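Reproduced below: query02.pdb, with PDB, C-alpha atoms (C1' of nucleotides).
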```
ATOM      1  CA  MET A   1     -17.518 179.464-133.273
ATOM      2  CA  ALA A   2     -20.688 178.177-131.665
ATOM      3  CA  TYR A   3     -21.941 174.751-132.649
ATOM      4  CA  ARG A   4     -25.060 175.070-134.753
ATOM      5  CA  LEU A   5     -27.188 172.063-135.549
ATOM      6  CA  ASP A   6     -28.398 173.619-138.792
ATOM      7  CA  GLU A   7     -24.842 173.652-140.149
ATOM      8  CA  GLN A   8     -24.024 170.001-139.460
ATOM      9  CA  ILE A   9     -23.704 167.621-142.350
ATOM     10  CA  GLY A  10     -25.564 164.835-140.557
ATOM     11  CA  TYR A  11     -28.584 166.969-139.824
ATOM     12  CA  ILE A  12     -28.715 168.475-143.320
ATOM     13  CA  LEU A  13     -28.342 165.042-144.902
ATOM     14  CA  ARG A  14     -31.344 163.893-142.921
ATOM     15  CA  LEU A  15     -33.374 166.871-144.146
ATOM     16  CA  ALA A  16     -32.351 166.291-147.762
ATOM     17  CA  ASN A  17     -33.325 162.647-147.424
ATOM     18  CA  GLN A  18     -36.706 163.659-146.058
ATOM     19  CA  ARG A  19     -37.343 166.013-148.934
ATOM     20  CA  HIS A  20     -36.399 163.334-151.430
ATOM     21  CA  GLY A  21     -38.793 160.913-149.753
ATOM     22  CA  LEU A  22     -41.634 163.413-150.021
ATOM     23  CA  ILE A  23     -40.956 163.946-153.720
ATOM     24  CA  PHE A  24     -40.730 160.201-154.254
ATOM     25  CA  ASN A  25     -44.039 159.524-152.564
ATOM     26  CA  LYS A  26     -45.780 162.366-154.330
ATOM     27  CA  HIS A  27     -45.011 160.828-157.717
ATOM     28  CA  SER A  28     -45.257 157.186-156.714
ATOM     29  CA  GLU A  29     -47.833 155.295-158.728
ATOM     30  CA  LEU A  30     -47.019 151.672-158.013
ATOM     31  CA  GLY A  31     -47.156 151.979-154.250
ATOM     32  CA  LEU A  32     -43.443 151.366-153.831
ATOM     33  CA  THR A  33     -41.206 152.871-151.173
ATOM     34  CA  PRO A  34     -37.774 154.267-152.100
ATOM     35  CA  THR A  35     -36.173 151.168-150.639
ATOM     36  CA  GLN A  36     -38.448 148.757-152.480
ATOM     37  CA  PHE A  37     -37.857 150.753-155.639
ATOM     38  CA  ALA A  38     -34.087 150.480-155.224
ATOM     39  CA  ALA A  39     -34.220 146.730-154.691
ATOM     40  CA  LEU A  40     -36.494 146.205-157.683
ATOM     41  CA  VAL A  41     -34.380 148.339-160.000
ATOM     42  CA  ARG A  42     -31.291 146.511-158.799
ATOM     43  CA  ILE A  43     -32.742 143.121-159.614
ATOM     44  CA  GLY A  44     -33.492 144.495-163.059
ATOM     45  CA  GLU A  45     -29.860 145.523-163.404
ATOM     46  CA  MET A  46     -28.292 142.401-161.905
ATOM     47  CA  GLY A  47     -30.735 139.706-162.870
ATOM     48  CA  ALA A  48     -31.646 136.961-160.436
ATOM     49  CA  CYS A  49     -29.505 136.650-157.320
ATOM     50  CA  SER A  50     -29.642 135.493-153.720
ATOM     51  CA  GLN A  51     -31.552 137.539-151.176
ATOM     52  CA  ASN A  52     -28.468 138.425-149.141
ATOM     53  CA  LEU A  53     -26.480 139.436-152.228
ATOM     54  CA  LEU A  54     -29.332 141.688-153.284
ATOM     55  CA  GLY A  55     -29.158 143.245-149.843
ATOM     56  CA  ARG A  56     -25.448 143.901-150.150
ATOM     57  CA  ARG A  57     -25.878 145.434-153.590
ATOM     58  CA  THR A  58     -28.558 147.787-152.287
ATOM     59  CA  ALA A  59     -26.885 148.566-148.949
ATOM     60  CA  MET A  60     -29.470 146.768-146.829
ATOM     61  CA  ASP A  61     -28.586 144.413-144.014
ATOM     62  CA  VAL A  62     -30.072 140.936-143.884
ATOM     63  CA  ALA A  63     -33.010 141.904-141.702
ATOM     64  CA  THR A  64     -33.951 144.859-143.869
ATOM     65  CA  ILE A  65     -33.682 143.079-147.208
ATOM     66  CA  LYS A  66     -35.746 140.225-145.787
ATOM     67  CA  GLY A  67     -38.667 142.567-145.175
ATOM     68  CA  VAL A  68     -38.264 144.351-148.489
ATOM     69  CA  VAL A  69     -38.226 141.058-150.398
ATOM     70  CA  THR A  70     -41.286 139.840-148.503
ATOM     71  CA  ARG A  71     -43.239 142.951-149.472
ATOM     72  CA  LEU A  72     -42.067 143.004-153.095
ATOM     73  CA  LYS A  73     -43.162 139.383-153.337
ATOM     74  CA  ALA A  74     -46.530 140.182-151.761
ATOM     75  CA  LYS A  75     -46.997 142.933-154.339
ATOM     76  CA  GLY A  76     -46.218 140.502-157.147
ATOM     77  CA  PHE A  77     -43.108 142.193-158.527
ATOM     78  CA  ILE A  78     -40.652 139.416-157.720
ATOM     79  CA  GLN A  79     -40.611 135.681-157.288
ATOM     80  CA  LEU A  80     -38.574 133.478-154.977
ATOM     81  CA  SER A  81     -37.114 130.079-155.727
ATOM     82  CA  PRO A  82     -34.624 127.737-154.085
ATOM     83  CA  ASP A  83     -31.076 127.717-155.416
ATOM     84  CA  PRO A  84     -30.432 124.284-156.996
ATOM     85  CA  GLY A  85     -26.745 124.396-156.104
ATOM     86  CA  ASP A  86     -26.966 125.854-152.587
ATOM     87  CA  LYS A  87     -29.697 124.887-150.171
ATOM     88  CA  ARG A  88     -29.067 127.951-148.014
ATOM     89  CA  ARG A  89     -29.933 130.400-150.748
ATOM     90  CA  THR A  90     -33.231 131.880-151.877
ATOM     91  CA  VAL A  91     -33.022 133.146-155.446
ATOM     92  CA  VAL A  92     -34.840 136.433-156.047
ATOM     93  CA  SER A  93     -35.929 137.282-159.584
ATOM     94  CA  LEU A  94     -38.365 139.551-161.371
ATOM     95  CA  SER A  95     -41.856 138.216-161.956
ATOM     96  CA  ALA A  96     -43.574 138.830-165.296
ATOM     97  CA  GLN A  97     -45.242 141.831-163.694
ATOM     98  CA  GLY A  98     -41.887 142.996-162.398
ATOM     99  CA  GLN A  99     -40.392 142.782-165.876
ATOM    100  CA  GLU A 100     -43.250 144.795-167.247
ATOM    101  CA  VAL A 101     -42.843 147.734-164.891
ATOM    102  CA  ILE A 102     -39.073 148.167-165.136
ATOM    103  CA  ASP A 103     -39.265 150.787-167.889
ATOM    104  CA  GLN A 104     -41.967 152.591-165.974
ATOM    105  CA  LEU A 105     -39.784 152.522-162.867
ATOM    106  CA  HIS A 106     -36.893 154.071-164.733
ATOM    107  CA  ALA A 107     -39.077 156.878-166.085
ATOM    108  CA  PHE A 108     -40.479 157.410-162.626
ATOM    109  CA  GLY A 109     -37.000 157.436-161.081
ATOM    110  CA  GLU A 110     -35.794 160.019-163.567
ATOM    111  CA  LYS A 111     -38.700 162.261-162.704
ATOM    112  CA  VAL A 112     -37.961 161.989-158.979
ATOM    113  CA  THR A 113     -34.266 162.643-159.533
ATOM    114  CA  GLU A 114     -35.047 165.640-161.709
ATOM    115  CA  GLU A 115     -37.359 167.226-159.193
ATOM    116  CA  THR A 116     -35.064 166.487-156.269
ATOM    117  CA  LEU A 117     -32.146 168.155-158.053
ATOM    118  CA  SER A 118     -34.240 170.991-159.465
ATOM    119  CA  PRO A 119     -32.699 173.633-157.154
ATOM    120  CA  LEU A 120     -29.326 172.997-158.828
ATOM    121  CA  ASN A 121     -28.388 173.779-162.414
ATOM    122  CA  GLU A 122     -26.689 171.258-164.674
ATOM    123  CA  PRO A 123     -23.015 171.927-163.858
ATOM    124  CA  GLU A 124     -23.868 172.201-160.164
ATOM    125  CA  ARG A 125     -25.567 168.818-160.231
ATOM    126  CA  LYS A 126     -22.483 167.143-161.588
ATOM    127  CA  VAL A 127     -20.213 168.741-159.003
ATOM    128  CA  PHE A 128     -22.657 167.965-156.223
ATOM    129  CA  LEU A 129     -23.160 164.320-157.127
ATOM    130  CA  ASP A 130     -19.428 163.774-157.462
ATOM    131  CA  MET A 131     -18.845 165.182-153.997
ATOM    132  CA  LEU A 132     -21.798 163.347-152.463
ATOM    133  CA  LYS A 133     -20.496 160.046-153.832
ATOM    134  CA  ARG A 134     -17.232 160.670-152.070
ATOM    135  CA  LEU A 135     -19.149 160.803-148.806
ATOM    136  CA  THR A 136     -20.532 157.292-149.207
TER     137      THR A 136
ATOM    138  CA  MET B 137     -28.765 156.805-171.412
ATOM    139  CA  ALA B 138     -29.655 153.795-169.301
ATOM    140  CA  TYR B 139     -31.071 154.387-165.838
ATOM    141  CA  ARG B 140     -28.502 153.491-163.226
ATOM    142  CA  LEU B 141     -29.433 153.222-159.581
ATOM    143  CA  ASP B 142     -25.912 154.134-158.494
ATOM    144  CA  GLU B 143     -26.252 157.559-160.136
ATOM    145  CA  GLN B 144     -29.548 158.554-158.532
ATOM    146  CA  ILE B 145     -29.549 161.274-155.917
ATOM    147  CA  GLY B 146     -32.016 159.428-153.693
ATOM    148  CA  TYR B 147     -29.942 156.293-153.541
ATOM    149  CA  ILE B 148     -26.661 158.141-152.967
ATOM    150  CA  LEU B 149     -28.237 160.288-150.263
ATOM    151  CA  ARG B 150     -29.276 157.119-148.487
ATOM    152  CA  LEU B 151     -25.725 155.765-148.664
ATOM    153  CA  ALA B 152     -24.250 159.031-147.391
ATOM    154  CA  ASN B 153     -26.709 158.997-144.527
ATOM    155  CA  GLN B 154     -25.723 155.438-143.687
ATOM    156  CA  ARG B 155     -22.047 156.318-143.603
ATOM    157  CA  HIS B 156     -22.724 159.283-141.371
ATOM    158  CA  GLY B 157     -24.682 157.051-139.016
ATOM    159  CA  LEU B 158     -21.796 154.617-138.780
ATOM    160  CA  ILE B 159     -19.348 157.419-137.993
ATOM    161  CA  PHE B 160     -21.747 158.839-135.414
ATOM    162  CA  ASN B 161     -22.177 155.527-133.650
ATOM    163  CA  LYS B 162     -18.475 154.775-133.724
ATOM    164  CA  HIS B 163     -17.718 157.912-131.724
ATOM    165  CA  SER B 164     -20.846 157.968-129.591
ATOM    166  CA  GLU B 165     -20.082 157.904-125.890
ATOM    167  CA  LEU B 166     -23.376 158.893-124.310
ATOM    168  CA  GLY B 167     -25.443 156.229-126.041
ATOM    169  CA  LEU B 168     -27.379 158.746-128.106
ATOM    170  CA  THR B 169     -28.683 158.219-131.614
ATOM    171  CA  PRO B 170     -28.273 160.933-134.256
ATOM    172  CA  THR B 171     -31.927 161.859-133.815
ATOM    173  CA  GLN B 172     -31.745 162.042-130.042
ATOM    174  CA  PHE B 173     -28.560 164.065-130.375
ATOM    175  CA  ALA B 174     -30.274 166.534-132.697
ATOM    176  CA  ALA B 175     -33.240 166.972-130.375
ATOM    177  CA  LEU B 176     -31.010 167.460-127.343
ATOM    178  CA  VAL B 177     -28.764 169.999-129.079
ATOM    179  CA  ARG B 178     -31.839 171.847-130.278
ATOM    180  CA  ILE B 179     -33.263 172.142-126.805
ATOM    181  CA  GLY B 180     -29.896 173.544-125.778
ATOM    182  CA  GLU B 181     -30.183 176.128-128.547
ATOM    183  CA  MET B 182     -33.853 177.000-128.089
ATOM    184  CA  GLY B 183     -34.333 176.549-124.399
ATOM    185  CA  ALA B 184     -37.491 174.940-123.047
ATOM    186  CA  CYS B 185     -40.359 174.489-125.490
ATOM    187  CA  SER B 186     -43.350 172.293-126.179
ATOM    188  CA  GLN B 187     -42.840 168.747-127.430
ATOM    189  CA  ASN B 188     -44.495 169.396-130.787
ATOM    190  CA  LEU B 189     -42.534 172.594-131.381
ATOM    191  CA  LEU B 190     -39.328 170.735-130.653
ATOM    192  CA  GLY B 191     -40.408 168.213-133.252
ATOM    193  CA  ARG B 192     -40.978 170.920-135.846
ATOM    194  CA  ARG B 193     -37.624 172.513-135.125
ATOM    195  CA  THR B 194     -35.862 169.179-135.583
ATOM    196  CA  ALA B 195     -37.924 167.979-138.549
ATOM    197  CA  MET B 196     -39.647 165.177-136.684
ATOM    198  CA  ASP B 197     -43.356 164.502-136.878
ATOM    199  CA  VAL B 198     -45.427 164.206-133.715
ATOM    200  CA  ALA B 199     -45.097 160.431-133.480
ATOM    201  CA  THR B 200     -41.333 160.481-133.926
ATOM    202  CA  ILE B 201     -40.630 163.296-131.472
ATOM    203  CA  LYS B 202     -42.848 161.569-128.932
ATOM    204  CA  GLY B 203     -40.579 158.509-128.938
ATOM    205  CA  VAL B 204     -37.404 160.576-128.950
ATOM    206  CA  VAL B 205     -38.571 162.642-125.977
ATOM    207  CA  THR B 206     -39.589 159.503-124.100
ATOM    208  CA  ARG B 207     -36.132 158.021-124.540
ATOM    209  CA  LEU B 208     -34.248 161.235-123.740
ATOM    210  CA  LYS B 209     -36.299 161.483-120.573
ATOM    211  CA  ALA B 210     -35.577 157.855-119.700
ATOM    212  CA  LYS B 211     -31.874 158.565-120.136
ATOM    213  CA  GLY B 212     -32.133 161.550-117.822
ATOM    214  CA  PHE B 213     -31.109 164.290-120.248
ATOM    215  CA  ILE B 214     -34.411 166.149-120.271
ATOM    216  CA  GLN B 215     -37.350 166.782-117.997
ATOM    217  CA  LEU B 216     -41.016 167.236-118.778
ATOM    218  CA  SER B 217     -43.467 169.578-117.119
ATOM    219  CA  PRO B 218     -46.982 170.834-117.805
ATOM    220  CA  ASP B 219     -47.367 174.250-119.425
ATOM    221  CA  PRO B 220     -49.049 176.562-116.875
ATOM    222  CA  GLY B 221     -50.740 178.580-119.605
ATOM    223  CA  ASP B 222     -51.801 175.769-121.937
ATOM    224  CA  LYS B 223     -53.056 172.468-120.612
ATOM    225  CA  ARG B 224     -52.463 170.760-123.956
ATOM    226  CA  ARG B 225     -48.726 171.320-123.892
ATOM    227  CA  THR B 226     -45.873 169.383-122.370
ATOM    228  CA  VAL B 227     -42.827 171.582-121.802
ATOM    229  CA  VAL B 228     -39.522 169.899-122.588
ATOM    230  CA  SER B 229     -36.366 171.264-120.981
ATOM    231  CA  LEU B 230     -32.834 170.165-120.219
ATOM    232  CA  SER B 231     -32.246 168.383-116.936
ATOM    233  CA  ALA B 232     -29.174 169.218-114.863
ATOM    234  CA  GLN B 233     -27.479 166.251-116.495
ATOM    235  CA  GLY B 234     -28.560 167.512-119.900
ATOM    236  CA  GLN B 235     -27.073 170.941-119.179
ATOM    237  CA  GLU B 236     -23.825 169.304-118.166
ATOM    238  CA  VAL B 237     -23.334 167.330-121.370
ATOM    239  CA  ILE B 238     -24.137 170.079-123.878
ATOM    240  CA  ASP B 239     -20.512 171.133-124.326
ATOM    241  CA  GLN B 240     -19.493 167.514-124.654
ATOM    242  CA  LEU B 241     -22.203 167.033-127.283
ATOM    243  CA  HIS B 242     -20.896 169.953-129.304
ATOM    244  CA  ALA B 243     -17.345 168.632-129.232
ATOM    245  CA  PHE B 244     -18.638 165.212-130.195
ATOM    246  CA  GLY B 245     -20.730 166.654-133.011
ATOM    247  CA  GLU B 246     -17.772 168.538-134.411
ATOM    248  CA  LYS B 247     -15.730 165.357-134.461
ATOM    249  CA  VAL B 248     -18.479 163.493-136.317
ATOM    250  CA  THR B 249     -18.906 166.322-138.814
ATOM    251  CA  GLU B 250     -15.160 166.489-139.379
ATOM    252  CA  GLU B 251     -14.833 162.782-140.071
ATOM    253  CA  THR B 252     -17.936 162.680-142.236
ATOM    254  CA  LEU B 253     -16.619 165.520-144.398
ATOM    255  CA  SER B 254     -13.025 164.281-144.379
ATOM    256  CA  PRO B 255     -13.118 163.216-148.061
ATOM    257  CA  LEU B 256     -13.651 166.872-149.014
ATOM    258  CA  ASN B 257     -11.186 169.722-148.603
ATOM    259  CA  GLU B 258     -12.146 173.021-147.018
ATOM    260  CA  PRO B 259     -13.416 174.933-150.088
ATOM    261  CA  GLU B 260     -15.244 171.813-151.293
ATOM    262  CA  ARG B 261     -17.020 171.480-147.968
ATOM    263  CA  LYS B 262     -18.397 174.969-148.205
ATOM    264  CA  VAL B 263     -19.633 174.488-151.770
ATOM    265  CA  PHE B 264     -21.070 171.111-150.921
ATOM    266  CA  LEU B 265     -22.937 172.227-147.812
ATOM    267  CA  ASP B 266     -24.366 175.220-149.630
ATOM    268  CA  MET B 267     -25.716 173.012-152.391
ATOM    269  CA  LEU B 268     -26.973 170.346-149.994
ATOM    270  CA  LYS B 269     -28.898 172.960-148.043
ATOM    271  CA  ARG B 270     -30.646 173.982-151.229
ATOM    272  CA  LEU B 271     -31.926 170.403-151.502
ATOM    273  CA  THR B 272     -33.696 170.552-148.161
TER     274      THR B 272
ATOM    275  C1'  DG C 273     -12.357 112.912-143.891
ATOM    276  C1'  DG C 274     -13.040 115.688-140.358
ATOM    277  C1'  DT C 275     -12.468 120.088-138.056
ATOM    278  C1'  DT C 276     -12.945 124.985-138.548
ATOM    279  C1'  DA C 277     -14.573 128.999-140.532
ATOM    280  C1'  DT C 278     -17.762 131.319-143.392
ATOM    281  C1'  DT C 279     -22.103 132.262-145.549
ATOM    282  C1'  DC C 280     -27.165 132.362-145.823
ATOM    283  C1'  DA C 281     -31.442 133.190-144.028
ATOM    284  C1'  DT C 282     -34.419 133.948-140.050
ATOM    285  C1'  DT C 283     -35.769 136.000-135.809
ATOM    286  C1'  DT C 284     -35.811 139.285-131.853
ATOM    287  C1'  DG C 285     -35.329 143.797-130.092
ATOM    288  C1'  DT C 286     -34.746 148.747-130.439
ATOM    289  C1'  DA C 287     -35.122 153.189-132.931
ATOM    290  C1'  DT C 288     -36.473 156.269-136.490
ATOM    291  C1'  DA C 289     -40.216 157.955-139.865
ATOM    292  C1'  DC C 290     -44.649 158.633-141.738
ATOM    293  C1'  DT C 291     -49.934 158.262-142.056
ATOM    294  C1'  DA C 292     -54.173 158.483-139.972
ATOM    295  C1'  DA C 293     -57.351 158.710-136.311
ATOM    296  C1'  DT C 294     -58.674 160.466-131.766
ATOM    297  C1'  DA C 295     -59.591 163.547-127.701
ATOM    298  C1'  DA C 296     -58.681 167.565-125.201
ATOM    299  C1'  DA C 297     -57.711 172.328-125.095
ATOM    300  C1'  DC C 298     -57.382 176.628-127.161
ATOM    301  C1'  DA C 299     -58.246 180.447-130.674
ATOM    302  C1'  DA C 300     -61.065 183.016-133.973
ATOM    303  C1'  DC C 301     -65.095 184.835-135.141
ATOM    304  C1'  DC C 302     -69.635 186.354-135.857
TER     305       DC C 302
ATOM    306  C1'  DG D 303     -71.244 182.947-125.981
ATOM    307  C1'  DG D 304     -71.479 179.497-128.832
ATOM    308  C1'  DT D 305     -69.879 177.456-133.189
ATOM    309  C1'  DT D 306     -65.942 176.526-135.956
ATOM    310  C1'  DG D 307     -61.395 175.635-136.773
ATOM    311  C1'  DT D 308     -56.721 174.814-135.131
ATOM    312  C1'  DT D 309     -53.205 173.031-132.156
ATOM    313  C1'  DT D 310     -51.339 169.587-128.969
ATOM    314  C1'  DA D 311     -50.446 165.172-127.669
ATOM    315  C1'  DT D 312     -51.364 160.204-127.931
ATOM    316  C1'  DT D 313     -52.041 155.893-130.200
ATOM    317  C1'  DA D 314     -52.087 152.274-133.857
ATOM    318  C1'  DG D 315     -50.195 150.577-138.018
ATOM    319  C1'  DT D 316     -46.621 150.048-141.613
ATOM    320  C1'  DA D 317     -41.809 150.345-143.270
ATOM    321  C1'  DT D 318     -36.925 151.036-143.015
ATOM    322  C1'  DA D 319     -32.403 150.267-140.363
ATOM    323  C1'  DC D 320     -29.171 148.070-137.424
ATOM    324  C1'  DA D 321     -27.282 144.793-133.821
ATOM    325  C1'  DA D 322     -27.099 140.304-132.201
ATOM    326  C1'  DA D 323     -28.183 135.533-131.834
ATOM    327  C1'  DT D 324     -29.418 131.159-134.083
ATOM    328  C1'  DG D 325     -29.345 127.034-137.164
ATOM    329  C1'  DA D 326     -28.416 125.085-141.514
ATOM    330  C1'  DA D 327     -25.447 124.591-145.303
ATOM    331  C1'  DT D 328     -21.202 125.272-147.594
ATOM    332  C1'  DA D 329     -16.191 126.259-148.044
ATOM    333  C1'  DA D 330     -11.373 125.948-146.556
ATOM    334  C1'  DC D 331      -7.903 123.489-144.938
ATOM    335  C1'  DC D 332      -4.851 120.299-142.902
TER     336       DC D 332
END
```
Could you write out this structure as structure tokens?
Amino acid sequence: MAYRLDEQIGYILRLANQRHGLIFNKHSELGLTPTQFAALVRIGEMGACSQNLLGRRTAMDVATIKGVVTRLKAKGFIQLSPDPGDKRRTVVSLSAQGQEVIDQLHAFGEKVTEETLSPLNEPERKVFLDMLKRLT
Amino acid sequence: MAYRLDEQIGYILRLANQRHGLIFNKHSELGLTPTQFAALVRIGEMGACSQNLLGRRTAMDVATIKGVVTRLKAKGFIQLSPDPGDKRRTVVSLSAQGQEVIDQLHAFGEKVTEETLSPLNEPERKVFLDMLKRLT
DNA sequence: GGTTATTCATTTGTATACTAATAAACAACC
DNA sequence: GGTTGTTTATTAGTATACAAATGAATAACC
């Protein structure tokens, strides 16, 4: 059987990611990227935490989370403060503005998820997500 | 139902992509990235074509394919030549070295695909790939 | 208590990925 | 045949993503 790029999981994953990004950007109101969105939602879930821990919990390495935090701070959604008990750490937490948009983010995220999964019906979505999770 | 980042298709797709990238790099012998690999395999499938067309056939915009072509050329896998019939175009084609590694690339790609899909059994892989393709 | 190892954050460098703007060449059309 | 519109390629700017190196602070351990 000949090797066909269009049948390879890596290539198709990249295409699916691209499509998701397009859908995300089309609906985006707050000017957030998918990555910034993920970090912000995660802080909402976790509460305040160190910058590196936030990176680990959102699957971003230290260099990536650094940039994401910088931009979320510049946009006013988070605030940074020194950790009283550990001088190495920078504590990341939601700003008042960040708190205010969390519900909006969730509604937005649900819309993006819905449209991204729209080619699949309900039982298919469950099967698909279960299998996709096993590939992480 | 509360919104949970870990259940969102966009976030899980990103994680799956990351894992695939790690597997790809672990096995990579020729120093290619997944994107460079895709472009090179595609040229092998299509034969010579313009730089922009190659980008379209590998889902890369003009800026991205430009960089990929530059690096594939620097690594000696492709060659560039002017299009005799269209002065705008740059024709991209495999170099002798590129021709030589195509079979190796296919074997490598199959190994990466196999390991990436290893958490799924054979019938699951088929179902999964079919559904994933519908999300592109 | 002092050595060793680990963790945290930053920085540098390389590689996608997309937008937008530009210039040159080509195509369509009246 | 000249205007209009499209295509091709380049460039600049922003944002992930990862590797690797660094310095500061903390933890582990004998």
Any idea what's packed within 10 Å of DA327 of chain D, counting all atoms listed in the file, ignoring anything in its chain fewer than 3 positions away? Could you give it as a ChimeraX atom specification? /A:86-89 /C:279-280
Enumerate, as a PyMOL selection string, the residues matched when the PyMOL selection byres ((chain A) within 10 of (chain D)) is run on the file above. chain A and resi 33-36+60-65+67-68+71+86-89
Using only C-alpha atoms (C1' of nucleotides), which chain C residues lie at most 9 Å away from chain B, written as JSON, numbers by chain? {"C": [287, 288, 289, 290, 296, 297, 298]}
Would you kindly report the residues of chain B within 9 Å of chain A, using only C-alpha atoms, as a PyMOL selection string? chain B and resi 138-141+143-157+160+170-171+174+177-178+181+194-195+242-243+245-246+248-249+252-256+260-261+263-265+267-272
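Taking atom CA of Val91 of chain A and atom C1' of DT278 of chain C as endpoints, the distance between them is 19.5 Å.
One finds atom CA of Lys66 of chain A at 14.1 Å from atom CA of Ser93 of chain A.
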As JSON, please: the centre and edge lengths in Å, to one decimal, of an axis-aligned box enclosing every listed atom of segment 32-49 of chain A with 8 Å added on each side.
```
{"center_x": -35.9, "center_y": 145.5, "center_z": -157.0, "size_x": 31.2, "size_y": 33.6, "size_z": 28.8}
```
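Taking atom CA of Gly212 of chain B and atom CA of Ala232 of chain B as endpoints, the distance between them is 8.7 Å.
The neighbours of Leu72 of chain A here are the residues that come within 8 Å of it, using all atoms listed in the file and leaving out any residue fewer than 5 positions away in the same chain; they are Gln36, Leu40, Phe77 and Ile78 of chain A.
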Which residues, named as in the file, does the PyMOL selection byres ((chain B and resi 186) around 8) pick out? Answer as a PyMOL selection string. chain B and resi 184-185+187-190+225-228
